[in-house]
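**Student:** One structure, as C-alpha cells, below. Some questions next.
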Amino acid sequence: MLTIALPKGRIAEDTLKIFEKIFKKPFIFDDRKLILHVDDFKFLLVRSQDVPAYVLHQAADVGVVGLDVLEEQESNLTRLLDLGVGKCRVCIGVPKNRKLDLSLPEIKIATKMENITRKYFSSKAIPVNIIKLYGSIELAPLVGLSDAIVDLVETGSTMKQNGLEIAETISYSSAHLVCNKNSFMVKKEEILALYANIKRIIY
Ligand code: PRP
C-alpha cells in the first residue's frame, strides 16, 4: 500500500489528470473528504506547501509538489521525476515604469518565498528587507508596503492586471514527484512501478 500526497491549488488539476489516466477512473475527493482510496493506494489532498511535511515525516510515501516549494523549504526528500505540468516561474515584479533601483541602501521585497528571495539577493550582494506575506503579493508595491515582489508567475495576468511587470526571472518551476527516503528503501518496487506508470503517461 502506497500513500500519496497530492497538492491542492494550481497544480492539482493537471496532477489529478495524470493519476486518472494511470488508474483509469475519476479522482474525485467527495464531500470535502481529504482521503481517497483507489485500488491499493491511499491519496491525501493537502495544501501544496504542506506536501513536503507529509512526505518527510512519512505520513505519505510519495508526493507531488512544485519545485518552487521544494526549493523554498529545502526538505530532505528524494526527487524522482519532473511531471512537466504546473509550469511557472519565480519572478521579481515591479510597478511598471519604476525600474528596480539596485543602488538603494535596502530594497523592500514582499513575498511568500523568503528563502528563495534571501538566497537570490545575497548571491548578488544586494541588501534586502523581506516582508513575508501569505497571498495577494501583487498588492504590496501598489500601496507602498514594498518596492518590489518575488512571486510565482504562470500566465502573467495577475501582475499585468495590477500594473506590475517582470524585472527578472529567478527560477523555473513545475510539479515534481518526490518520495520519502525510508519509503524508497522499504517500498522500492511499488514506488518504481508508480514512477514507470507516470513516466509512461507523461512522455
Ligand atoms: C499565485 C501567485 C500570483 C498568481 C500568478 O497566486 O502568487 O498571485 O498565482 O498567476 P498568473 O501569472 O497566472 O496570474 P495564487 O493563485 O496561488 O494565490 P495567492 O494570492 O494566495 O498567492
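Ligands are numbered from 1 in the order shown, residues from 1 within each chain, and chains are lettered A, B, ... in the order they appear in the C-alpha cells.
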What do you get as a list in words if you pick all residues at most 6 Å from ligand 1, counting only C-alpha atoms and all ligand atoms?

**Tutor:** Gly135, Ser136, Asp151, Leu152, Val153, Glu154, Thr155, Gly156, Ser157 and Thr158 of chain A

**Student:** Would you mind listing what lies within 12 Å of Pro141 in chain A as a PyMOL selection string, with only C-alpha atoms counted and same-chain residues fewer than 2 positions away left out?

**Tutor:** chain A and resi 92-96+98+100+107-111+131+136-139+143-150+159+162-165

**Student:** Give me a file of those residues, with N, CA, C and O atoms, as a short mmCIF file (atom, residue, chain, number, x, y, z; two decimals), in the first residue's frame.

**Tutor:**
```cif
data_model
loop_
_atom_site.label_atom_id
_atom_site.label_comp_id
_atom_site.auth_asym_id
_atom_site.auth_seq_id
_atom_site.Cartn_x
_atom_site.Cartn_y
_atom_site.Cartn_z
N ILE A 92 10.87 38.42 -10.05
CA ILE A 92 10.82 39.71 -9.35
C ILE A 92 9.87 40.59 -10.15
O ILE A 92 10.01 40.71 -11.37
N GLY A 93 8.87 41.15 -9.47
CA GLY A 93 7.92 42.04 -10.14
C GLY A 93 8.03 43.45 -9.58
O GLY A 93 8.22 43.63 -8.38
N VAL A 94 7.94 44.41 -10.48
CA VAL A 94 8.00 45.82 -10.05
C VAL A 94 6.87 46.60 -10.72
O VAL A 94 6.41 46.22 -11.80
N PRO A 95 6.44 47.70 -10.10
CA PRO A 95 5.44 48.52 -10.78
C PRO A 95 6.00 49.01 -12.11
O PRO A 95 7.17 49.37 -12.20
N LYS A 96 5.15 48.96 -13.13
CA LYS A 96 5.56 49.39 -14.48
C LYS A 96 6.14 50.80 -14.41
O LYS A 96 5.69 51.62 -13.62
N ARG A 98 8.67 51.79 -13.16
CA ARG A 98 9.50 52.07 -12.00
C ARG A 98 10.58 50.99 -11.95
O ARG A 98 10.34 49.89 -11.50
N LEU A 100 13.70 48.65 -11.05
CA LEU A 100 14.21 48.16 -9.77
C LEU A 100 15.54 48.89 -9.50
O LEU A 100 16.50 48.71 -10.24
N ILE A 107 16.50 47.19 -0.38
CA ILE A 107 15.29 47.04 -1.20
C ILE A 107 14.26 46.25 -0.40
O ILE A 107 14.58 45.22 0.19
N LYS A 108 13.03 46.78 -0.38
CA LYS A 108 11.96 46.09 0.34
C LYS A 108 11.24 45.16 -0.62
O LYS A 108 10.69 45.60 -1.64
N ILE A 109 11.23 43.87 -0.28
CA ILE A 109 10.60 42.87 -1.14
C ILE A 109 9.50 42.15 -0.37
O ILE A 109 9.76 41.59 0.71
N ALA A 110 8.30 42.14 -0.92
CA ALA A 110 7.21 41.35 -0.33
C ALA A 110 7.15 40.00 -1.04
O ALA A 110 7.25 39.94 -2.27
N THR A 111 7.00 38.94 -0.27
CA THR A 111 6.99 37.61 -0.88
C THR A 111 6.47 36.54 0.07
O THR A 111 6.47 36.73 1.29
N ILE A 131 9.61 41.23 3.42
CA ILE A 131 8.33 41.30 4.14
C ILE A 131 7.55 40.05 3.78
O ILE A 131 7.15 39.88 2.62
N SER A 136 -1.91 37.32 -2.21
CA SER A 136 -2.16 38.64 -2.83
C SER A 136 -0.90 39.51 -2.80
O SER A 136 -0.96 40.71 -2.50
N ILE A 137 0.22 38.91 -3.14
CA ILE A 137 1.52 39.58 -3.04
C ILE A 137 1.57 40.84 -3.91
O ILE A 137 2.20 41.84 -3.55
N GLU A 138 0.87 40.77 -5.06
CA GLU A 138 0.93 41.88 -6.02
C GLU A 138 0.46 43.21 -5.45
O GLU A 138 0.76 44.28 -5.97
N LEU A 139 -0.32 43.12 -4.38
CA LEU A 139 -0.85 44.34 -3.76
C LEU A 139 0.25 45.18 -3.10
O LEU A 139 0.17 46.42 -3.09
N VAL A 143 0.63 49.72 -2.71
CA VAL A 143 0.23 50.53 -1.56
C VAL A 143 1.43 50.93 -0.69
O VAL A 143 1.27 51.31 0.47
N GLY A 144 2.62 50.78 -1.26
CA GLY A 144 3.83 51.25 -0.56
C GLY A 144 4.36 50.31 0.51
O GLY A 144 5.21 50.71 1.30
N LEU A 145 3.86 49.07 0.55
CA LEU A 145 4.39 48.13 1.54
C LEU A 145 5.78 47.65 1.14
O LEU A 145 6.60 47.32 1.99
N SER A 146 6.02 47.58 -0.19
CA SER A 146 7.34 47.13 -0.64
C SER A 146 7.72 47.84 -1.93
O SER A 146 6.86 48.46 -2.58
N ASP A 147 9.02 47.73 -2.30
CA ASP A 147 9.47 48.30 -3.58
C ASP A 147 9.15 47.35 -4.72
O ASP A 147 8.93 47.76 -5.86
N ALA A 148 9.20 46.04 -4.41
CA ALA A 148 9.03 45.02 -5.44
C ALA A 148 8.50 43.76 -4.78
O ALA A 148 8.33 43.72 -3.56
N ILE A 149 8.22 42.75 -5.62
CA ILE A 149 7.77 41.46 -5.06
C ILE A 149 8.61 40.33 -5.66
O ILE A 149 9.21 40.50 -6.73
N VAL A 150 8.63 39.21 -4.97
CA VAL A 150 9.11 37.96 -5.57
C VAL A 150 7.93 37.03 -5.49
O VAL A 150 7.40 36.76 -4.40
N MET A 159 -0.02 39.93 -12.47
CA MET A 159 0.90 41.09 -12.47
C MET A 159 0.36 42.18 -13.39
O MET A 159 0.29 43.35 -13.02
N ASN A 162 -2.47 44.26 -12.27
CA ASN A 162 -2.14 45.13 -11.15
C ASN A 162 -1.01 46.10 -11.47
O ASN A 162 -0.37 46.65 -10.57
N GLY A 163 -0.76 46.28 -12.76
CA GLY A 163 0.21 47.29 -13.20
C GLY A 163 1.65 46.94 -12.85
O GLY A 163 2.49 47.84 -12.69
N LEU A 164 1.94 45.65 -12.73
CA LEU A 164 3.33 45.26 -12.45
C LEU A 164 3.94 44.60 -13.68
O LEU A 164 3.23 44.11 -14.55
N GLU A 165 5.26 44.57 -13.72
CA GLU A 165 5.93 43.83 -14.79
C GLU A 165 7.11 43.05 -14.22
O GLU A 165 7.62 43.36 -13.15
#
```

**Student:** For a quick check of understanding, using only C-alpha atoms, which of A:Ile198, A:Thr169, A:His57, A:Tyr203 has the smallest distance to Glu20 in chain A?

**Tutor:**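 Of the candidates, the smallest distance to Glu20 in chain A is held by A:Ile198.
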
**Student:** Among chain A, which ones does DSSP place in strand (DSSP E), written as number ranges by chain?

**Tutor:** A: 2-7, 35-38, 41-46, 62-66, 78-82, 88-95, 107-111, 128-132, 148-153, 164-173, 175-179

**Student:** My list of candidates is A:Ser173, A:Asn197, A:Ser48, A:Asn115. Which is closest to Arg89 in chain A when distances are computed with only C-alpha atoms?

**Tutor:**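 For Arg89 in chain A, the nearest of the given residues is A:Ser173.
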
**Student:** Would you list, as an MDAnalysis selection string, the residues of range 24-161 of chain A that end up in helix (DSSP H, G or I) under DSSP run on this structure's backbone?

**Tutor:** chainID A and resid 30:32 48:56 67:73 114:123 139:142 157:161

**Student:** Find the residue from A:Ala175, A:Ile22, A:Met185, A:Ile126 that sits nearest to Val51 in chain A; use only C-alpha atoms when measuring.

**Tutor:**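 Of A:Ala175, A:Ile22, A:Met185, A:Ile126, the one nearest Val51 in chain A, counting only C-alpha atoms, is A:Ala175.
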
**Student:** Smallest atom-to-atom distance to Thr3 in chain A: which of A:Lys42, A:Arg47, A:Lys21, A:Lys87, using only C-alpha atoms?

**Tutor:**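 For Thr3 in chain A, the nearest of the candidates is A:Lys42.
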
**Student:** Please compute the CA of Tyr172 in chain A-CA of Val55 in chain A distance, one decimal, in Å.

**Tutor:**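 CA of Val55 in chain A lies 22.5 Å from CA of Tyr172 in chain A.
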